[in-house]
Amino acid sequence: MKLNQQSENQVKQLQAQLVKLFPQCSNNNRHTYSPHMTIGQFENEEKFKEAKSSLILNESFQFPVHYIYILQRSLDNDTEPFHIAYQLPLGSVLPPINSKQLHSVDEKLQQFFQTMNLYESEQSYQRKQEKFEKLSSCFEQIFNNDTLHCFTHSFLPYGSFRIGINGQDVDTVFILNEIKCDNNQATSFDEALRELKHDPTGLNDHIVDLLETQINGTMKNEILHYRKIQALFPIISIVFHDQTKVEIFVQIKTIKEQSNVQTCQDDFDGEEFIHGVHDIERLLIYVYSPPIFQHFLTFIRAWAQQVGLYGQVYGYLSGYSWAILCAYICHKFLAPIKSLSSIEQFSIEEFFSLVQQFFST
């Protein structure tokens, strides 16, 4: 089944980006990439012709895509079935684990998590999602394509909220990134920010003040406690009346002028570090199967909290450190994922086999 031309071009662009991320999975140069969907296989040409008329679509259709699956098989054996090498989540937030999650785990394992109260309630997740969307919307009111031509902005989640597990707060980062543009394209807002960029502290304070004004103007009646923290990056910490806590790290990247030549991080091969975001994205790729990793990390975090071994402020491992350990165990000991059914049928016995590997490693 072929795609329309626009969709085909977009999928080819996506595939080209994936090849850069996973060059080890693109060793087969015998065929050019042709985006399509295989909806059936037939033993011979005659049976295909019999079924062909029923496979014709008169109208196009759309469907949501939550994951990209990188398939792999031996280069020397075309008859060998593909297995899933990587399962890449799409979207800014990984769906939280629960008993209704698509492509989740075995029913008995879900029942165990429900009995142990390890799943986050739908109400709790919705409160976090609502706060994130409201903040994103209020920032968009002032930082957008109409007000800025020489800067771009992003508001991204990371940490437990990004991973889709139950955490105490919503960790986010607001990024303001200067891009190259002609002076005649600059808006008055661009010019004001450019004047401040030679004073990083002043620029940081100005952006934080703008964010604070937007937050108070939109969500003031919902806020219980608010404070600004000056650390490696400026931080805005908010506690809402429903006890949802949001922390916003502010990261600003400007073009530096050196010897009258403008240089920007985008000119280099590597991407500039974004607080918390790139670490989490690499982690989700490394674990092979995010749904299994989510369940595993949730269990290990609950154990660490129960026995009092959780929390960087107390001298123990932080949530991210526990996530790294769990990702390592998943990467090393998780059996190859042959199909989606192997994820959906990931049993409670297999789960505790991973747990055993964790405590014996």
# chains A, B, ... in the order shown; residues from 1 in each chain; ligands from 1
$ residues_around --residues "A:Val65" --least-positions-apart "6" --cutoff "10 Å" --atoms "only C-alpha atoms" --output "MDAnalysis selection string"
chainID A and resid 89:91
$ write_last_selection --atoms "C-alpha atoms" --output "JSON list (two decimals), in the first residue's frame"
[["chain", "number", "residue", "atom", "x", "y", "z"],
["A", 89, "PRO", "CA", 8.33, 7.01, 21.22],
["A", 90, "LEU", "CA", 6.89, 10.00, 19.39],
["A", 91, "GLY", "CA", 5.56, 13.15, 21.01]]
$ select_by_dssp --residues "stretch 156-333 of chain A" --states "alpha helix (DSSP H)" --output "number ranges by chain"
A: 159-163, 188-196, 200-219, 277-286, 290-306, 319-333
$ atom_distance --atom1 "atom CA of A:Phe351" --atom2 "atom CA of A:Asn117"
16.8 Å
$ residues_around --residues "A:Pro290" --least-positions-apart "3" --cutoff "8 Å" --atoms "only C-alpha atoms" --output "ChimeraX atom specification"
/A:87-89,284,287,293-294
$ residues_around --residues "stretch 53-55 of chain A" --least-positions-apart "2" --cutoff "10 Å" --atoms "only C-alpha atoms" --output "PDB file with C-alpha atoms, in the first residue's frame"
ATOM      1  CA  MET A   1       0.000   0.000   0.000  1.00  0.00           C
ATOM      2  CA  ILE A  39      -1.141  -5.434   4.647  1.00  0.00           C
ATOM      3  CA  GLY A  40      -0.950  -9.031   3.457  1.00  0.00           C
ATOM      4  CA  PHE A  48      -2.980 -12.356  -4.783  1.00  0.00           C
ATOM      5  CA  LYS A  49      -5.135 -11.629  -7.840  1.00  0.00           C
ATOM      6  CA  GLU A  50      -8.152 -13.163  -6.113  1.00  0.00           C
ATOM      7  CA  ALA A  51      -7.772 -10.836  -3.143  1.00  0.00           C
ATOM      8  CA  LEU A  57      -9.170   1.788  -1.143  1.00  0.00           C
ATOM      9  CA  ASN A  58     -11.491   4.422  -2.536  1.00  0.00           C
TER      10      ASN A  58
END
$ residues_around --residues "stretch 131-143 of chain A" --least-positions-apart "5" --cutoff "7 Å" --atoms "only C-alpha atoms" --output "VMD selection string"
chain A and resid 148 153 155 211 214 to 215 218
$ closest_residue --among "A:His36, A:Lys220, A:His149, A:Arg162" --to "A:Gln5" --atoms "only C-alpha atoms"
A:His36
$ residues_around --residues "A:Pro291" --least-positions-apart "4" --cutoff "10 Å" --atoms "only C-alpha atoms" --output "list in words"
Gln87, Pro89, Leu94, Pro95, Pro96, Ile97, Asn98, Gln101, Leu102, His103, Ser104, Val105, Ile163, Gly164, Leu284, Val287, His295, Phe296, Ile343, Glu344 and Phe346 of chain A
$ residues_around --residues "A:Thr254" --least-positions-apart "5" --cutoff "8 Å" --atoms "only C-alpha atoms" --output "count of residues only"
5
$ decode --residues "stretch 113-205 of chain A" --atoms "C-alpha atoms" --output "mmCIF file, in the first residue's frame"
data_model
loop_
_atom_site.group_PDB
_atom_site.id
_atom_site.type_symbol
_atom_site.label_atom_id
_atom_site.label_comp_id
_atom_site.auth_asym_id
_atom_site.auth_seq_id
_atom_site.Cartn_x
_atom_site.Cartn_y
_atom_site.Cartn_z
ATOM 1 C CA PHE A 113 0.955 -3.221 39.488
ATOM 2 C CA GLN A 114 -2.658 -2.344 40.236
ATOM 3 C CA THR A 115 -2.611 -4.367 43.467
ATOM 4 C CA MET A 116 0.628 -2.676 44.563
ATOM 5 C CA ASN A 117 -0.822 0.738 43.613
ATOM 6 C CA LEU A 118 2.129 1.444 41.322
ATOM 7 C CA TYR A 119 0.143 2.998 38.489
ATOM 8 C CA GLU A 120 -0.407 6.747 38.561
ATOM 9 C CA SER A 121 -4.059 7.712 38.777
ATOM 10 C CA GLU A 122 -5.626 9.230 35.696
ATOM 11 C CA GLN A 123 -6.592 12.320 37.708
ATOM 12 C CA SER A 124 -2.995 12.900 38.818
ATOM 13 C CA TYR A 125 -1.657 12.612 35.283
ATOM 14 C CA GLN A 126 -4.384 14.863 33.877
ATOM 15 C CA ARG A 127 -3.499 17.573 36.408
ATOM 16 C CA LYS A 128 0.133 17.473 35.290
ATOM 17 C CA GLN A 129 -0.798 17.449 31.618
ATOM 18 C CA GLU A 130 -3.152 20.379 32.138
ATOM 19 C CA LYS A 131 -0.478 22.481 33.860
ATOM 20 C CA PHE A 132 2.068 21.723 31.145
ATOM 21 C CA GLU A 133 -0.351 22.655 28.358
ATOM 22 C CA LYS A 134 -1.453 25.863 30.099
ATOM 23 C CA LEU A 135 2.131 26.980 30.635
ATOM 24 C CA SER A 136 3.023 26.136 27.050
ATOM 25 C CA SER A 137 0.056 28.143 25.799
ATOM 26 C CA CYS A 138 0.777 31.212 27.921
ATOM 27 C CA PHE A 139 4.444 31.262 26.815
ATOM 28 C CA GLU A 140 3.329 30.994 23.183
ATOM 29 C CA GLN A 141 1.348 34.210 23.591
ATOM 30 C CA ILE A 142 4.532 36.263 23.890
ATOM 31 C CA PHE A 143 7.160 34.038 22.216
ATOM 32 C CA ASN A 144 5.888 33.219 18.724
ATOM 33 C CA ASN A 145 6.606 33.680 15.020
ATOM 34 C CA ASP A 146 4.915 37.079 14.952
ATOM 35 C CA THR A 147 6.879 38.587 17.839
ATOM 36 C CA LEU A 148 10.234 36.904 17.139
ATOM 37 C CA HIS A 149 12.051 36.374 13.847
ATOM 38 C CA CYS A 150 15.610 36.055 15.156
ATOM 39 C CA PHE A 151 14.868 33.745 18.083
ATOM 40 C CA THR A 152 13.028 30.465 18.445
ATOM 41 C CA HIS A 153 11.633 29.021 21.634
ATOM 42 C CA SER A 154 10.724 25.574 22.940
ATOM 43 C CA PHE A 155 9.021 24.402 26.097
ATOM 44 C CA LEU A 156 9.891 20.763 26.720
ATOM 45 C CA PRO A 157 9.313 18.220 29.481
ATOM 46 C CA TYR A 158 11.915 15.838 30.830
ATOM 47 C CA GLY A 159 12.302 13.607 33.878
ATOM 48 C CA SER A 160 9.522 11.341 35.155
ATOM 49 C CA PHE A 161 6.764 13.278 33.373
ATOM 50 C CA ARG A 162 8.530 12.829 30.021
ATOM 51 C CA ILE A 163 9.150 9.143 30.722
ATOM 52 C CA GLY A 164 5.514 8.594 31.666
ATOM 53 C CA ILE A 165 5.943 7.379 35.230
ATOM 54 C CA ASN A 166 4.524 8.766 38.452
ATOM 55 C CA GLY A 167 6.860 11.437 39.811
ATOM 56 C CA GLN A 168 6.528 14.124 42.431
ATOM 57 C CA ASP A 169 6.762 17.036 40.012
ATOM 58 C CA VAL A 170 6.765 18.104 36.382
ATOM 59 C CA ASP A 171 10.281 18.998 35.228
ATOM 60 C CA THR A 172 10.404 21.275 32.193
ATOM 61 C CA VAL A 173 12.868 23.481 30.358
ATOM 62 C CA PHE A 174 12.163 26.720 28.501
ATOM 63 C CA ILE A 175 14.677 27.262 25.701
ATOM 64 C CA LEU A 176 15.260 30.527 23.871
ATOM 65 C CA ASN A 177 17.577 30.068 20.906
ATOM 66 C CA GLU A 178 18.984 32.862 18.740
ATOM 67 C CA ILE A 179 19.159 32.096 15.023
ATOM 68 C CA LYS A 180 20.797 33.886 12.131
ATOM 69 C CA CYS A 181 18.624 36.500 10.456
ATOM 70 C CA ASP A 182 19.040 39.813 8.664
ATOM 71 C CA ASN A 183 18.676 43.010 10.643
ATOM 72 C CA ASN A 184 15.772 44.109 8.461
ATOM 73 C CA GLN A 185 13.864 40.998 9.560
ATOM 74 C CA ALA A 186 14.251 41.702 13.269
ATOM 75 C CA THR A 187 11.207 42.705 15.294
ATOM 76 C CA SER A 188 11.346 45.190 18.157
ATOM 77 C CA PHE A 189 11.300 42.224 20.546
ATOM 78 C CA ASP A 190 14.277 40.700 18.691
ATOM 79 C CA GLU A 191 16.194 43.952 18.969
ATOM 80 C CA ALA A 192 15.499 44.250 22.694
ATOM 81 C CA LEU A 193 16.798 40.728 23.298
ATOM 82 C CA ARG A 194 19.853 41.297 21.103
ATOM 83 C CA GLU A 195 20.785 44.379 23.106
ATOM 84 C CA LEU A 196 20.748 42.299 26.284
ATOM 85 C CA LYS A 197 22.626 39.264 24.991
ATOM 86 C CA HIS A 198 26.053 40.709 25.876
ATOM 87 C CA ASP A 199 24.901 40.711 29.503
ATOM 88 C CA PRO A 200 23.909 37.057 30.084
ATOM 89 C CA THR A 201 22.684 37.711 33.616
ATOM 90 C CA GLY A 202 20.564 40.629 32.479
ATOM 91 C CA LEU A 203 19.128 38.602 29.595
ATOM 92 C CA ASN A 204 18.335 35.685 31.906
ATOM 93 C CA ASP A 205 16.616 37.982 34.395
#
